[in-house]
Amino acid sequence: MMIDFFAVLKSRNEPLFYFGLICLLSAVFTLLIAKFSYVQINGVNVWYKPFKFALSIGTFCWTMGWYTGYLELPDQVSRYSWTTIILLGFELFYITFQAARGQLSHYNVSSSLYTSLTAAMAFAAIGATLYTGYIGILFCTGQFPALPGYYLWAIRIGIFLFVIFAFEGAIIGANGSHSVGGSGDGDGIPLLNWSRKYGDLRIAHFVGMHALQVLPLMAYYLLRDSKLVIVLGLAYGALALFCLLQALNSKPLLSFS
């Protein structure tokens, strides 16, 4: 079953399939390194960040690889795929490289070089996000007679919620930290490291961006109704917004104290 899935995924978008595979294997590798490394930044193992980014980018690439398989625009899909690989590949490489050196990647303004590289990561993320938004527009303007309406709506809403909450990263950057009301990640939720003491802007970022996977899966396997999908999309967007407001008000979303 899984072999068949991988074969179909590869046939739909080969560049994103292989890049996603590299990212997911990198996630496994960096998690293994974390088990044997005791280097920390802000109380957290340095390898957790490249692990999370590799896992997230790999999942994103496979998801968009699947969706772009519905677009009968091979040249446009190819340009999007290779642009995404270059931009997100740079971001993941720099994050991993800095982890290997025991140095910050994000929020590192300790020198003009690090400030420039931090800005370059931001521009890479913005570029990939905007291009993904353009793919969402193609799903709104194109004809997809073979796709059920509820599934098509889920893809559209999922992409646009992804774009909106990917840009929430600008709030994180402007804040200079993902924490609001305090600092330090040492007592966060295991692995995710979401703060249990302060507001954490990463939660809304995570929830909103993963609409890209959640909504189409829910639509295809459970809801199977366009109106229900639209209602779910609005509710999901409201949940992500709630997470953002909680963080901006310095309140942790989850606390076990």
# chains A, B, ... in the order shown; residues from 1 in each chain; ligands from 1
>>> select_by_dssp(residues="range 37-163 of chain A", states="alpha helix (DSSP H)", output="ChimeraX atom specification")
/A:48-68,74-100,112-141,149-163
>>> closest_atom_pairs(of="range 113-163 of chain A", to="range 66-87 of chain A", cutoff="8 Å", atoms="only C-alpha atoms", output="JSON lines")
{"residue": "A:Ala124", "atom": "CA", "partner": "A:Leu87", "partner_atom": "CA", "distance": 4.9}
{"residue": "A:Ala125", "atom": "CA", "partner": "A:Leu87", "partner_atom": "CA", "distance": 7.0}
{"residue": "A:Gly127", "atom": "CA", "partner": "A:Leu87", "partner_atom": "CA", "distance": 7.4}
{"residue": "A:Ala128", "atom": "CA", "partner": "A:Thr84", "partner_atom": "CA", "distance": 5.6}
{"residue": "A:Tyr131", "atom": "CA", "partner": "A:Tyr80", "partner_atom": "CA", "distance": 6.9}
{"residue": "A:Thr132", "atom": "CA", "partner": "A:Tyr80", "partner_atom": "CA", "distance": 8.0}
{"residue": "A:Ile135", "atom": "CA", "partner": "A:Thr68", "partner_atom": "CA", "distance": 7.9}
{"residue": "A:Phe139", "atom": "CA", "partner": "A:Leu71", "partner_atom": "CA", "distance": 7.9}
{"residue": "A:Phe144", "atom": "CA", "partner": "A:Tyr70", "partner_atom": "CA", "distance": 7.8}
{"residue": "A:Ile155", "atom": "CA", "partner": "A:Tyr67", "partner_atom": "CA", "distance": 7.8}
>>> residues_around(residues="Phe123 in chain A", least_positions_apart="6", cutoff="10 Å", atoms="only C-alpha atoms", output="list of chain:residue names")
A:Leu87, A:Glu91, A:Leu117, A:Thr129
>>> select_by_dssp(residues="range 5-234 of chain A", states="strand (DSSP E)", output="number ranges by chain")
A: 40-41, 44-45, 179-180, 199-200
>>> residues_around(residues="Val180 in chain A", least_positions_apart="2", cutoff="9 Å", atoms="only C-alpha atoms", output="number ranges by chain")
A: 175, 177-178, 182-183, 198-201, 247-251
>>> closest_residue(among="A:Ala120, A:Leu217, A:Ala54, A:Leu222", to="Leu25 in chain A", atoms="only C-alpha atoms")
A:Ala54
>>> atom_distance(atom1="CA of Trp194 in chain A", atom2="CA of Val46 in chain A")
15.1 Å
>>> residues_around(residues="Leu228 in chain A", least_positions_apart="4", cutoff="10 Å", atoms="only C-alpha atoms", output="ChimeraX atom specification")
/A:150,154,219,223-224,232-234
>>> write_last_selection(atoms="all heavy atoms", output="compact mmCIF listing (two decimals), in the first residue's frame")
# COMPACT_ATOMS: atom_id res chain seq x y z
N TYR A 150 -16.16 19.28 -3.07
CA TYR A 150 -15.77 19.44 -1.66
C TYR A 150 -14.26 19.31 -1.47
O TYR A 150 -13.66 19.99 -0.64
CB TYR A 150 -16.51 18.42 -0.78
CG TYR A 150 -16.37 16.98 -1.19
CD1 TYR A 150 -15.25 16.23 -0.84
CD2 TYR A 150 -17.37 16.34 -1.94
CE1 TYR A 150 -15.12 14.90 -1.22
CE2 TYR A 150 -17.25 15.02 -2.32
CZ TYR A 150 -16.13 14.30 -1.96
OH TYR A 150 -15.99 12.98 -2.34
N ALA A 154 -11.56 22.24 -0.30
CA ALA A 154 -10.64 21.99 0.81
C ALA A 154 -9.21 22.34 0.43
O ALA A 154 -8.45 22.90 1.23
CB ALA A 154 -10.73 20.52 1.24
N ALA A 219 -11.96 16.50 4.24
CA ALA A 219 -12.97 16.60 3.18
C ALA A 219 -13.07 15.29 2.40
O ALA A 219 -14.18 14.80 2.13
CB ALA A 219 -12.62 17.74 2.24
N LEU A 223 -16.01 14.38 5.36
CA LEU A 223 -17.12 15.32 5.18
C LEU A 223 -17.87 15.12 3.88
O LEU A 223 -19.09 15.02 3.87
CB LEU A 223 -16.61 16.75 5.30
CG LEU A 223 -15.98 17.12 6.65
CD1 LEU A 223 -15.54 18.57 6.66
CD2 LEU A 223 -16.95 16.85 7.79
N ARG A 224 -17.16 15.16 2.78
CA ARG A 224 -17.73 14.93 1.45
C ARG A 224 -18.93 15.84 1.15
O ARG A 224 -19.93 15.41 0.57
CB ARG A 224 -18.13 13.46 1.28
CG ARG A 224 -16.94 12.52 1.32
CD ARG A 224 -17.32 11.07 1.16
NE ARG A 224 -16.14 10.23 1.05
CZ ARG A 224 -15.53 9.93 -0.08
NH1 ARG A 224 -16.00 10.41 -1.23
NH2 ARG A 224 -14.47 9.16 -0.11
N LEU A 232 -15.98 24.06 8.04
CA LEU A 232 -14.79 23.56 8.72
C LEU A 232 -13.60 24.49 8.50
O LEU A 232 -12.84 24.77 9.43
CB LEU A 232 -14.45 22.16 8.23
CG LEU A 232 -13.15 21.55 8.80
CD1 LEU A 232 -13.25 21.38 10.32
CD2 LEU A 232 -12.83 20.21 8.13
N GLY A 233 -13.46 24.99 7.28
CA GLY A 233 -12.36 25.91 6.98
C GLY A 233 -12.45 27.18 7.81
O GLY A 233 -11.44 27.66 8.35
N LEU A 234 -13.66 27.72 7.96
CA LEU A 234 -13.85 28.92 8.77
C LEU A 234 -13.55 28.62 10.25
O LEU A 234 -12.90 29.43 10.93
CB LEU A 234 -15.29 29.43 8.63
CG LEU A 234 -15.66 30.01 7.25
CD1 LEU A 234 -17.15 30.31 7.19
CD2 LEU A 234 -14.85 31.27 6.97
>>> closest_residue(among="A:Cys243, A:Ile41, A:Lys10, A:Thr59", to="Ala27 in chain A", atoms="only C-alpha atoms")
A:Thr59
>>> residues_around(residues="Phe165 in chain A", least_positions_apart="6", cutoff="12 Å", atoms="only C-alpha atoms", output="tab-separated table (two decimals) with N, CA, C and O atoms, in the first residue's frame")
chain	number	residue	atom	x	y	z
A	126	ILE	N	9.27	33.89	2.40
A	126	ILE	CA	8.26	34.74	1.77
A	126	ILE	C	8.05	34.34	0.31
A	126	ILE	O	6.92	34.24	-0.18
A	129	THR	N	6.18	31.08	0.03
A	129	THR	CA	4.79	31.26	0.45
A	129	THR	C	3.98	31.97	-0.62
A	129	THR	O	2.85	31.55	-0.94
A	130	LEU	N	4.52	33.04	-1.19
A	130	LEU	CA	3.81	33.76	-2.23
A	130	LEU	C	3.57	32.88	-3.46
A	130	LEU	O	2.49	32.91	-4.05
A	133	GLY	N	0.80	30.63	-2.79
A	133	GLY	CA	-0.45	31.36	-2.93
A	133	GLY	C	-0.88	31.45	-4.40
A	133	GLY	O	-2.07	31.34	-4.71
A	158	GLY	N	-7.33	25.28	2.24
A	158	GLY	CA	-6.11	24.83	2.91
A	158	GLY	C	-4.90	25.63	2.47
A	158	GLY	O	-4.07	26.02	3.30
A	159	ILE	N	-4.78	25.88	1.17
A	159	ILE	CA	-3.65	26.64	0.66
A	159	ILE	C	-3.68	28.07	1.18
A	159	ILE	O	-2.66	28.61	1.63
A	171	ILE	N	5.16	38.35	12.17
A	171	ILE	CA	4.90	38.82	13.54
A	171	ILE	C	5.98	38.28	14.47
A	171	ILE	O	6.48	38.99	15.34
A	172	ILE	N	6.34	37.01	14.26
A	172	ILE	CA	7.40	36.41	15.07
A	172	ILE	C	8.71	37.16	14.87
A	172	ILE	O	9.42	37.49	15.82
A	201	LEU	N	4.02	32.24	19.76
A	201	LEU	CA	3.50	32.55	18.42
A	201	LEU	C	3.63	31.38	17.45
A	201	LEU	O	3.00	31.38	16.39
A	202	ARG	N	4.45	30.40	17.79
A	202	ARG	CA	4.64	29.26	16.90
A	202	ARG	C	3.40	28.38	16.79
A	202	ARG	O	3.23	27.66	15.81
A	203	ILE	N	2.53	28.43	17.80
A	203	ILE	CA	1.39	27.52	17.81
A	203	ILE	C	0.41	27.88	16.69
A	203	ILE	O	-0.02	27.01	15.92
A	204	ALA	N	0.07	29.17	16.57
A	204	ALA	CA	-0.82	29.59	15.49
A	204	ALA	C	-0.18	29.34	14.13
A	204	ALA	O	-0.85	28.96	13.17
A	205	HIS	N	1.13	29.57	14.06
A	205	HIS	CA	1.90	29.31	12.84
A	205	HIS	C	1.74	27.85	12.43
A	205	HIS	O	1.42	27.54	11.27
A	206	PHE	N	1.91	26.96	13.38
A	206	PHE	CA	1.82	25.51	13.13
A	206	PHE	C	0.39	25.11	12.75
A	206	PHE	O	0.17	24.43	11.74
A	207	VAL	N	-0.58	25.53	13.56
A	207	VAL	CA	-1.97	25.14	13.33
A	207	VAL	C	-2.45	25.64	11.98
A	207	VAL	O	-3.02	24.89	11.17
A	208	GLY	N	-2.24	26.93	11.70
A	208	GLY	CA	-2.72	27.51	10.45
A	208	GLY	C	-2.09	26.90	9.22
A	208	GLY	O	-2.78	26.59	8.24
A	209	MET	N	-0.78	26.68	9.26
A	209	MET	CA	-0.09	26.15	8.08
A	209	MET	C	-0.50	24.71	7.78
A	209	MET	O	-0.54	24.30	6.61
A	210	HIS	N	-0.85	23.95	8.81
A	210	HIS	CA	-1.21	22.55	8.56
A	210	HIS	C	-2.66	22.37	8.14
A	210	HIS	O	-3.11	21.23	7.96
A	211	ALA	N	-3.37	23.49	7.95
A	211	ALA	CA	-4.65	23.41	7.24
A	211	ALA	C	-4.43	22.80	5.86
A	211	ALA	O	-5.33	22.19	5.28
A	212	LEU	N	-3.24	22.98	5.34
A	212	LEU	CA	-2.87	22.46	4.02
A	212	LEU	C	-3.08	20.95	3.93
A	212	LEU	O	-3.44	20.43	2.86
A	236	TYR	N	-11.62	26.25	11.39
A	236	TYR	CA	-10.19	25.98	11.53
A	236	TYR	C	-9.40	27.28	11.54
A	236	TYR	O	-8.49	27.47	12.35
A	237	GLY	N	-9.78	28.20	10.65
A	237	GLY	CA	-9.13	29.50	10.64
A	237	GLY	C	-9.35	30.25	11.94
A	237	GLY	O	-8.44	30.93	12.45
A	238	ALA	N	-10.56	30.12	12.51
A	238	ALA	CA	-10.86	30.77	13.79
A	238	ALA	C	-10.01	30.17	14.91
A	238	ALA	O	-9.55	30.90	15.81
A	239	LEU	N	-9.79	28.85	14.85
A	239	LEU	CA	-8.94	28.20	15.86
A	239	LEU	C	-7.51	28.74	15.79
A	239	LEU	O	-6.90	29.06	16.82
A	240	ALA	N	-6.98	28.85	14.57
A	240	ALA	CA	-5.62	29.37	14.42
A	240	ALA	C	-5.53	30.82	14.89
A	240	ALA	O	-4.56	31.22	15.53
A	241	LEU	N	-6.58	31.60	14.59
A	241	LEU	CA	-6.61	32.99	15.05
A	241	LEU	C	-6.67	33.06	16.57
A	241	LEU	O	-6.02	33.92	17.20
A	243	CYS	N	-5.42	30.90	18.63
A	243	CYS	CA	-4.07	30.58	19.11
A	243	CYS	C	-3.16	31.80	19.02
A	243	CYS	O	-2.33	32.04	19.91
A	244	LEU	N	-3.32	32.58	17.94
A	244	LEU	CA	-2.52	33.79	17.77
A	244	LEU	C	-2.85	34.83	18.84
A	244	LEU	O	-1.95	35.42	19.45
